[in-house]
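Peer 1: I'm passing along data.txt; it holds compact mmCIF, C-alpha atoms and all ligand atoms.
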# COMPACT_ATOMS: atom_id res chain seq x y z
CA MET A 1 108.17 91.28 67.85
CA GLN A 2 105.78 90.29 70.60
CA GLY A 3 106.83 90.09 74.26
CA LYS A 4 109.22 93.02 74.32
CA ILE A 5 110.37 94.46 77.64
CA ALA A 6 111.08 98.20 77.89
CA LEU A 7 112.95 99.73 80.80
CA GLU A 8 113.51 103.46 80.40
CA GLU A 9 109.87 104.39 80.66
CA HIS A 10 108.80 107.22 82.90
CA PHE A 11 105.87 108.57 84.86
CA ALA A 12 105.48 111.68 87.01
CA ILE A 13 103.78 112.48 90.29
CA PRO A 14 102.24 115.94 90.78
CA GLU A 15 105.34 117.15 92.66
CA THR A 16 107.68 116.30 89.76
CA ALA A 17 105.47 116.78 86.68
CA ALA A 18 106.72 120.33 86.01
CA ASP A 19 110.30 119.06 85.69
CA SER A 20 109.58 117.57 82.27
CA MET A 21 107.90 120.63 80.83
CA GLY A 22 110.91 122.87 80.13
CA TYR A 23 112.19 120.47 77.49
CA PHE A 24 109.12 120.85 75.31
CA PRO A 25 107.52 123.72 73.39
CA GLN A 26 104.25 125.05 74.80
CA PRO A 27 101.86 123.38 72.33
CA ILE A 28 102.84 119.86 73.41
CA ARG A 29 103.39 120.37 77.13
CA GLN A 30 99.86 119.26 77.89
CA GLU A 31 100.41 116.12 75.82
CA VAL A 32 103.61 115.29 77.74
CA HIS A 33 101.85 116.05 81.02
CA ASN A 34 99.00 113.68 80.15
CA ARG A 35 101.38 110.92 79.06
CA ASN A 36 103.41 111.25 82.29
CA ALA A 37 100.29 111.03 84.44
CA ASP A 38 98.86 107.93 82.73
CA ILE A 39 99.85 104.34 83.38
CA HIS A 40 96.93 101.98 82.83
CA GLY A 41 95.15 103.79 79.98
CA ARG A 42 96.78 104.91 76.76
CA ARG A 43 100.21 103.60 77.83
CA LEU A 44 98.93 100.06 78.28
CA ALA A 45 96.95 100.26 75.03
CA LEU A 46 100.11 101.28 73.15
CA MET A 47 102.06 98.47 74.80
CA ASP A 48 99.42 96.01 73.56
CA GLU A 49 99.45 97.50 70.08
CA TYR A 50 103.24 97.44 69.71
CA GLY A 51 104.13 94.16 71.36
CA ILE A 52 105.51 95.44 74.66
CA GLU A 53 104.66 92.91 77.33
CA MET A 54 106.27 94.76 80.19
CA MET A 55 107.57 98.18 81.17
CA LEU A 56 109.89 98.83 84.08
CA LEU A 57 108.71 102.24 85.24
CA SER A 58 110.74 105.08 86.72
CA LEU A 59 110.15 108.65 87.87
CA ASN A 60 110.73 111.51 85.41
CA ALA A 61 113.85 113.74 85.41
CA PRO A 62 115.61 115.43 87.09
CA ALA A 63 113.04 115.28 89.92
CA VAL A 64 114.64 113.95 93.13
CA GLN A 65 118.22 114.72 92.04
CA ALA A 66 117.38 118.44 91.67
CA ILE A 67 115.96 118.90 95.19
CA PRO A 68 118.91 120.25 97.21
CA ASN A 69 117.34 119.67 100.63
CA PRO A 70 118.18 116.04 101.47
CA ALA A 71 115.12 115.45 103.68
CA HIS A 72 112.74 116.91 101.09
CA ALA A 73 114.41 114.92 98.31
CA HIS A 74 113.97 111.75 100.36
CA ASP A 75 110.26 112.50 100.99
CA ILE A 76 109.62 112.92 97.26
CA ALA A 77 111.52 109.73 96.43
CA ARG A 78 109.51 107.76 98.99
CA LYS A 79 106.26 109.21 97.73
CA ALA A 80 107.10 108.34 94.12
CA ASN A 81 108.17 104.83 95.12
CA ASP A 82 105.00 104.19 97.12
CA TYR A 83 102.86 105.48 94.24
CA LEU A 84 104.77 103.28 91.79
CA ALA A 85 104.39 100.21 94.00
CA GLU A 86 100.63 100.80 94.06
CA GLN A 87 100.51 101.00 90.26
CA VAL A 88 102.61 97.86 89.84
CA ARG A 89 100.34 95.99 92.26
CA LYS A 90 97.43 96.54 89.87
CA ARG A 91 99.21 94.88 86.90
CA PRO A 92 102.41 93.12 87.98
CA ASP A 93 102.26 91.14 84.74
CA ARG A 94 102.73 94.37 82.72
CA PHE A 95 104.58 96.78 85.02
CA GLN A 96 107.51 96.52 87.40
CA GLY A 97 109.30 99.26 89.32
CA LEU A 98 112.68 100.98 89.45
CA ALA A 99 113.32 103.03 92.59
CA ALA A 100 113.84 106.78 92.75
CA LEU A 101 116.60 107.54 95.26
CA ALA A 102 117.61 110.72 97.08
CA MET A 103 121.34 110.36 96.53
CA GLN A 104 121.84 113.61 98.49
CA ASP A 105 122.12 111.34 101.54
CA PRO A 106 123.84 108.13 100.43
CA GLU A 107 123.05 106.20 103.59
CA ARG A 108 119.36 106.95 103.40
CA ALA A 109 119.39 106.23 99.64
CA ALA A 110 120.83 102.78 100.38
CA ARG A 111 118.11 102.12 102.96
CA GLU A 112 115.39 103.29 100.57
CA LEU A 113 116.75 101.01 97.86
CA GLU A 114 116.68 98.12 100.28
CA ARG A 115 113.06 98.94 101.19
CA CYS A 116 112.10 99.21 97.53
CA VAL A 117 113.70 95.90 96.60
CA LYS A 118 112.75 93.85 99.67
CA ASP A 119 109.38 95.33 100.67
CA LEU A 120 108.03 96.73 97.39
CA GLY A 121 109.53 94.15 95.01
CA PHE A 122 111.30 96.69 92.79
CA ARG A 123 113.87 95.40 90.31
CA GLY A 124 116.53 98.09 90.64
CA ALA A 125 116.99 101.87 90.72
CA LEU A 126 116.95 104.69 88.18
CA VAL A 127 118.78 107.88 89.17
CA ASN A 128 118.92 111.08 87.12
CA GLY A 129 122.62 111.91 87.13
CA PHE A 130 124.43 113.99 89.75
CA SER A 131 122.64 115.40 92.82
CA GLN A 132 122.43 118.96 94.04
CA VAL A 133 123.17 118.73 97.75
CA ASN A 134 122.12 121.58 100.07
CA ASP A 135 123.50 124.31 97.79
CA PRO A 136 121.62 124.30 94.44
CA ASP A 137 124.89 125.23 92.77
CA THR A 138 126.63 121.95 93.64
CA ALA A 139 126.86 118.89 91.43
CA VAL A 140 127.78 115.78 93.42
CA TYR A 141 128.84 112.72 91.39
CA TYR A 142 128.66 109.15 92.62
CA ASP A 143 132.29 108.21 92.15
CA LEU A 144 133.06 110.23 95.31
CA PRO A 145 134.18 108.27 98.39
CA GLN A 146 131.02 108.97 100.40
CA TYR A 147 129.10 106.78 97.91
CA ARG A 148 131.17 103.62 98.36
CA PRO A 149 128.89 102.19 101.11
CA PHE A 150 125.87 102.93 98.90
CA TRP A 151 127.44 100.97 96.02
CA ALA A 152 128.23 98.11 98.40
CA THR A 153 124.48 97.92 99.15
CA VAL A 154 123.59 97.94 95.43
CA GLU A 155 126.05 95.09 94.87
CA ARG A 156 124.75 93.13 97.85
CA LEU A 157 121.12 93.54 96.73
CA ASP A 158 122.24 92.39 93.26
CA VAL A 159 120.04 94.85 91.34
CA PRO A 160 120.95 97.07 88.35
CA PHE A 161 121.37 100.85 88.64
CA TYR A 162 120.16 102.92 85.68
CA LEU A 163 122.18 106.14 85.30
CA HIS A 164 119.68 108.39 83.51
CA PRO A 165 120.54 111.82 82.04
CA ARG A 166 119.91 115.30 83.34
CA ASN A 167 121.19 118.65 82.11
CA PRO A 168 124.40 120.14 83.54
CA LEU A 169 123.96 123.01 86.01
CA PRO A 170 124.08 126.49 84.41
CA ARG A 171 127.60 127.02 85.78
CA ASP A 172 128.76 123.85 83.99
CA ALA A 173 126.84 124.60 80.79
CA LYS A 174 128.75 127.67 79.64
CA ILE A 175 129.89 125.83 76.53
CA TYR A 176 126.24 125.93 75.39
CA ASP A 177 125.84 129.71 75.89
CA GLY A 178 123.98 131.11 72.89
CA HIS A 179 123.08 127.59 71.76
CA PRO A 180 120.36 126.39 74.10
CA TRP A 181 119.11 124.02 71.39
CA MET A 182 121.97 121.67 72.35
CA LEU A 183 120.70 121.23 75.91
CA GLY A 184 118.58 118.22 76.87
CA PRO A 185 118.34 115.12 74.70
CA ILE A 186 119.96 116.72 71.63
CA TRP A 187 123.47 116.72 73.09
CA ALA A 188 123.95 117.88 76.71
CA PHE A 189 122.17 114.87 78.28
CA GLY A 190 124.54 112.46 76.58
CA GLN A 191 127.66 114.50 77.30
CA GLU A 192 126.77 114.88 80.98
CA THR A 193 125.90 111.22 81.46
CA ALA A 194 128.90 109.85 79.54
CA VAL A 195 131.27 111.90 81.73
CA HIS A 196 129.54 110.58 84.85
CA ALA A 197 129.88 107.01 83.59
CA LEU A 198 133.60 107.55 82.85
CA ARG A 199 134.06 109.02 86.34
CA LEU A 200 132.60 105.81 87.82
CA MET A 201 134.89 103.66 85.66
CA GLY A 202 138.06 105.67 86.28
CA SER A 203 137.50 105.92 90.03
CA GLY A 204 138.14 102.24 90.61
CA LEU A 205 134.54 101.67 91.75
CA PHE A 206 134.30 98.48 89.69
CA ASP A 207 137.55 97.09 91.08
CA ALA A 208 136.06 97.42 94.56
CA HIS A 209 132.59 96.20 93.50
CA PRO A 210 133.02 94.08 90.39
CA ARG A 211 129.46 92.75 90.38
CA LEU A 212 127.82 96.20 89.97
CA GLN A 213 125.72 96.55 86.83
CA ILE A 214 125.04 100.05 85.48
CA ILE A 215 122.58 100.75 82.66
CA LEU A 216 122.90 103.68 80.27
CA GLY A 217 120.16 104.80 77.91
CA HIS A 218 120.27 106.18 74.38
CA LEU A 219 122.52 103.32 73.19
CA GLY A 220 125.19 104.25 75.70
CA GLU A 221 125.22 108.07 75.50
CA ASN A 222 127.75 107.92 72.62
CA LEU A 223 130.23 105.86 74.66
CA PRO A 224 130.34 102.80 72.38
CA TYR A 225 131.50 104.99 69.52
CA ALA A 226 134.08 106.72 71.74
CA MET A 227 135.40 103.82 73.81
CA TRP A 228 138.35 102.82 71.64
CA ARG A 229 139.72 106.36 71.60
CA VAL A 230 139.20 106.75 75.35
CA ASP A 231 141.61 103.85 75.86
CA ASN A 232 143.94 104.52 72.96
CA ALA A 233 144.44 108.26 72.56
CA ASN A 234 148.19 108.90 72.53
CA ALA A 235 148.81 105.25 73.34
CA TRP A 236 152.38 105.62 72.07
CA ILE A 237 153.18 107.54 75.27
CA GLU A 238 154.08 105.27 78.15
CA ASN A 239 151.74 105.46 81.17
CA ARG A 240 149.47 107.78 79.20
CA HIS A 241 146.57 107.18 81.58
CA SER A 242 146.82 107.77 85.27
CA TYR A 243 143.58 107.04 87.04
CA PRO A 244 142.84 105.07 90.18
CA ALA A 245 141.18 102.19 88.29
CA LYS A 246 143.17 99.06 87.45
CA ARG A 247 141.88 98.21 83.97
CA ARG A 248 141.10 99.80 80.63
CA MET A 249 137.81 101.67 80.40
CA ARG A 250 136.49 99.22 77.85
CA ASP A 251 137.05 96.35 80.28
CA TYR A 252 134.65 98.01 82.74
CA PHE A 253 132.29 99.02 79.94
CA CYS A 254 132.00 95.39 78.83
CA ALA A 255 131.80 93.92 82.36
CA ASN A 256 129.75 96.45 84.34
CA PHE A 257 127.55 98.30 81.83
CA HIS A 258 124.46 97.68 79.74
CA VAL A 259 122.82 100.05 77.25
CA THR A 260 119.25 100.49 76.07
CA THR A 261 117.84 101.73 72.77
CA SER A 262 115.84 104.50 74.49
CA GLY A 263 115.41 107.51 72.20
CA ASN A 264 118.06 106.22 69.75
CA PHE A 265 116.19 104.26 67.13
CA HIS A 266 119.03 104.05 64.67
CA THR A 267 120.48 100.88 63.21
CA GLN A 268 124.05 102.15 62.72
CA ALA A 269 124.24 103.12 66.40
CA LEU A 270 122.78 99.76 67.46
CA ILE A 271 125.27 97.84 65.34
CA ASP A 272 128.16 99.83 66.79
CA ALA A 273 126.90 99.00 70.30
CA VAL A 274 126.72 95.30 69.31
CA LEU A 275 130.29 95.47 67.98
CA VAL A 276 131.58 97.02 71.22
CA LEU A 277 129.45 95.34 73.92
CA GLY A 278 128.02 92.25 72.25
CA SER A 279 124.30 91.58 72.07
CA ASP A 280 124.03 90.35 75.67
CA ARG A 281 124.36 93.87 77.12
CA ILE A 282 121.84 95.74 74.98
CA MET A 283 118.15 96.04 75.79
CA PHE A 284 115.14 97.52 74.02
CA SER A 285 113.54 100.68 75.48
CA ALA A 286 111.43 103.53 74.10
CA ASP A 287 111.79 106.45 76.59
CA TRP A 288 108.05 107.01 76.79
CA PRO A 289 106.59 109.58 77.34
CA PHE A 290 109.37 111.69 75.84
CA GLU A 291 109.76 109.56 72.74
CA ASN A 292 107.12 107.54 70.94
CA ILE A 293 106.42 103.86 71.41
CA ASP A 294 105.49 103.34 67.75
CA HIS A 295 108.80 104.88 66.58
CA ALA A 296 110.77 102.63 68.93
CA ALA A 297 108.86 99.43 68.18
CA ASN A 298 108.48 99.85 64.41
CA TRP A 299 112.20 100.48 64.08
CA PHE A 300 113.29 97.71 66.43
CA ASP A 301 110.92 95.07 65.06
CA SER A 302 112.29 95.46 61.54
CA CYS A 303 115.90 96.61 62.00
CA PRO A 304 118.42 94.37 60.21
CA ILE A 305 119.89 92.26 63.01
CA GLY A 306 119.78 88.51 63.50
CA GLU A 307 116.62 87.07 65.02
CA PRO A 308 118.48 85.53 68.00
CA ASP A 309 119.86 89.01 68.79
CA ARG A 310 116.42 90.60 68.37
CA LEU A 311 115.04 88.17 70.95
CA LYS A 312 117.88 88.88 73.38
CA ILE A 313 117.74 92.65 72.99
CA GLY A 314 113.95 92.80 72.87
CA ARG A 315 113.31 90.50 75.79
CA THR A 316 115.60 87.89 77.28
CA ASN A 317 118.50 90.14 78.34
CA ALA A 318 116.08 92.16 80.49
CA MET A 319 114.42 88.99 81.83
CA LYS A 320 117.81 87.80 83.07
CA LEU A 321 119.20 91.10 84.35
CA PHE A 322 116.04 91.98 86.29
CA LYS A 323 115.23 88.34 87.21
CA LEU A 324 111.75 88.82 85.78
CA ASP A 325 111.06 85.09 85.70
CA LYS A 326 111.29 85.00 89.51
CA ASP A 327 108.07 85.89 91.39
C1 LIG A 401 114.28 111.60 79.22
O1 LIG A 401 113.86 111.33 80.34
O2 LIG A 401 114.99 110.80 78.62
C2 LIG A 401 113.91 112.91 78.61
C3 LIG A 401 113.45 113.95 79.39
C4 LIG A 401 113.10 115.16 78.80
C5 LIG A 401 113.21 115.30 77.44
C6 LIG A 401 113.66 114.28 76.66
C7 LIG A 401 114.02 113.08 77.22
O3 LIG A 401 113.37 113.78 80.72
O4 LIG A 401 114.48 112.07 76.47
ZN ZN A 402 114.45 108.87 79.86
Go ahead and express the file in the form of structure tokens.

Peer 2:
Amino acid sequence: MQGKIALEEHFAIPETAADSMGYFPQPIRQEVHNRNADIHGRRLALMDEYGIEMMLLSLNAPAVQAIPNPAHAHDIARKANDYLAEQVRKRPDRFQGLAALAMQDPERAARELERCVKDLGFRGALVNGFSQVNDPDTAVYYDLPQYRPFWATVERLDVPFYLHPRNPLPRDAKIYDGHPWMLGPIWAFGQETAVHALRLMGSGLFDAHPRLQIILGHLGENLPYAMWRVDNANAWIENRHSYPAKRRMRDYFCANFHVTTSGNFHTQALIDAVLVLGSDRIMFSADWPFENIDHAANWFDSCPIGEPDRLKIGRTNAMKLFKLDKD
């Protein structure tokens, strides 16, 4: 399919490049490093070759979220955003930006998002899970009350917020002791991010801000497959669930969430996401440079779904959500 739009596609700046290395064995670290540093060379050539008209670019992970000092985190976010704006300015027809945000200071994060959207023309934000704030051994999640004014700004600006994975802190990763192979994209990323998404849903955030739109990668971090059971486990017991939110989790999932195909190029998983969310809330992505564009595109272009759905998922859903037909 020509004209695809991909939206979980990363780059690095020198200050954050090392963050991506630990996930990869030594022989291919240089390759990942080179991919992260490039925007207009090999990346654009691959986009041409595989029918990707546009990428929405975002900083690598965990980057800003793993810088405990709020002022330093903010400096790195600003630097990444200014660099990204410069790159987008060279080819706005092929690249658009998603903001990095130092969520360590929610008020400053809201102001930076506003700058990115209004001054730099960015289309939304991508944040790498919880933030370490001051103490490196803290994991602060965005369902907490101090984030409500931030979310009000996101809703007012009317831009999507991509909740991207990171690994749990060592203190929260004890379940993986002796099995480090499960960390990162194999399992821990999805587990960590799904719990964060459920925290947002259960907190009542979407009752207070019903127009918020959150994007999850990797076909929803396993949530589509789990959503029925989340709402129905032990449903024979009256008042089984007691959480601050007013509705079932699947009501929020279907009203406030979107998923992308990043790193999950598997038809069964896609069809399950279509069955749970419908084809209006699913969007194509590759997860370059950590996954391969040819794997994503070859799978997506030929996977057995209807052509109207392929067009929505490959292109038009992203056009609408990010208002890509406007300026
Ligand atoms: C990602 O950003 O999705 C990612 C990484 C590191 C390894 C794999 C991966 O940041 O998918
Ligand atoms: Zn990613």

Peer 1: Please provide the set of residues having any atom within 10 Å of A:Asp294, restricted to only C-alpha atoms, with same-chain residues fewer than 6 positions apart removed, written as a list in words.

Peer 2: Leu46, Met47, Glu49, Tyr50, Gly51, Ala286 and Phe300 of chain A

Peer 1: When distances are computed from all atoms listed in the file, which of A:Asp105, A:His179, A:Ala61, A:Arg115 shows the smallest separation from A:Gly22?

Peer 2: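 Nearest candidate to A:Gly22 out of A:Asp105, A:His179, A:Ala61, A:Arg115: A:Ala61.
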
Peer 1: Could you tell me, counting all atoms listed in the file, which protein and nucleic acid residues lie no more than 9 Å from ligand LIG 401 (chain A), written as a PyMOL selection string?

Peer 2: chain A and resi 8-10+19-24+59-62+128+164-166+184-186+189+217-218+262-263+287-291

Peer 1: Would you please work out which residue, of A:Asn81, A:Asn298, A:Thr193, A:Gln213, is nearest to ligand ZN 402 (chain A) when using only C-alpha atoms and all ligand atoms?

Peer 2: A:Thr193

Peer 1: Find the residue from A:Leu200, A:Leu216, A:Ala110, A:Ala17 that sits nearest to ligand ZN 402 (chain A); use only C-alpha atoms and all ligand atoms when measuring.

Peer 2: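 Looking at the shortest contact to ligand ZN 402 (chain A), the residue is A:Leu216.
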
Peer 1: Which one of A:Phe95, A:Phe265, A:Phe122, A:Tyr162 sits closest to ligand ZN 402 (chain A) if you count all atoms listed in the file?

Peer 2: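 Checking each of A:Phe95, A:Phe265, A:Phe122, A:Tyr162 against ligand ZN 402 (chain A), counting all atoms listed in the file, the winner is A:Tyr162.
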
Peer 1: With only C-alpha atoms as the atoms that count, which of A:Tyr147, A:Trp236, A:Phe11, A:Tyr243 lies nearest to A:His209?

Peer 2: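 For A:His209, the nearest of the given residues is A:Tyr147.
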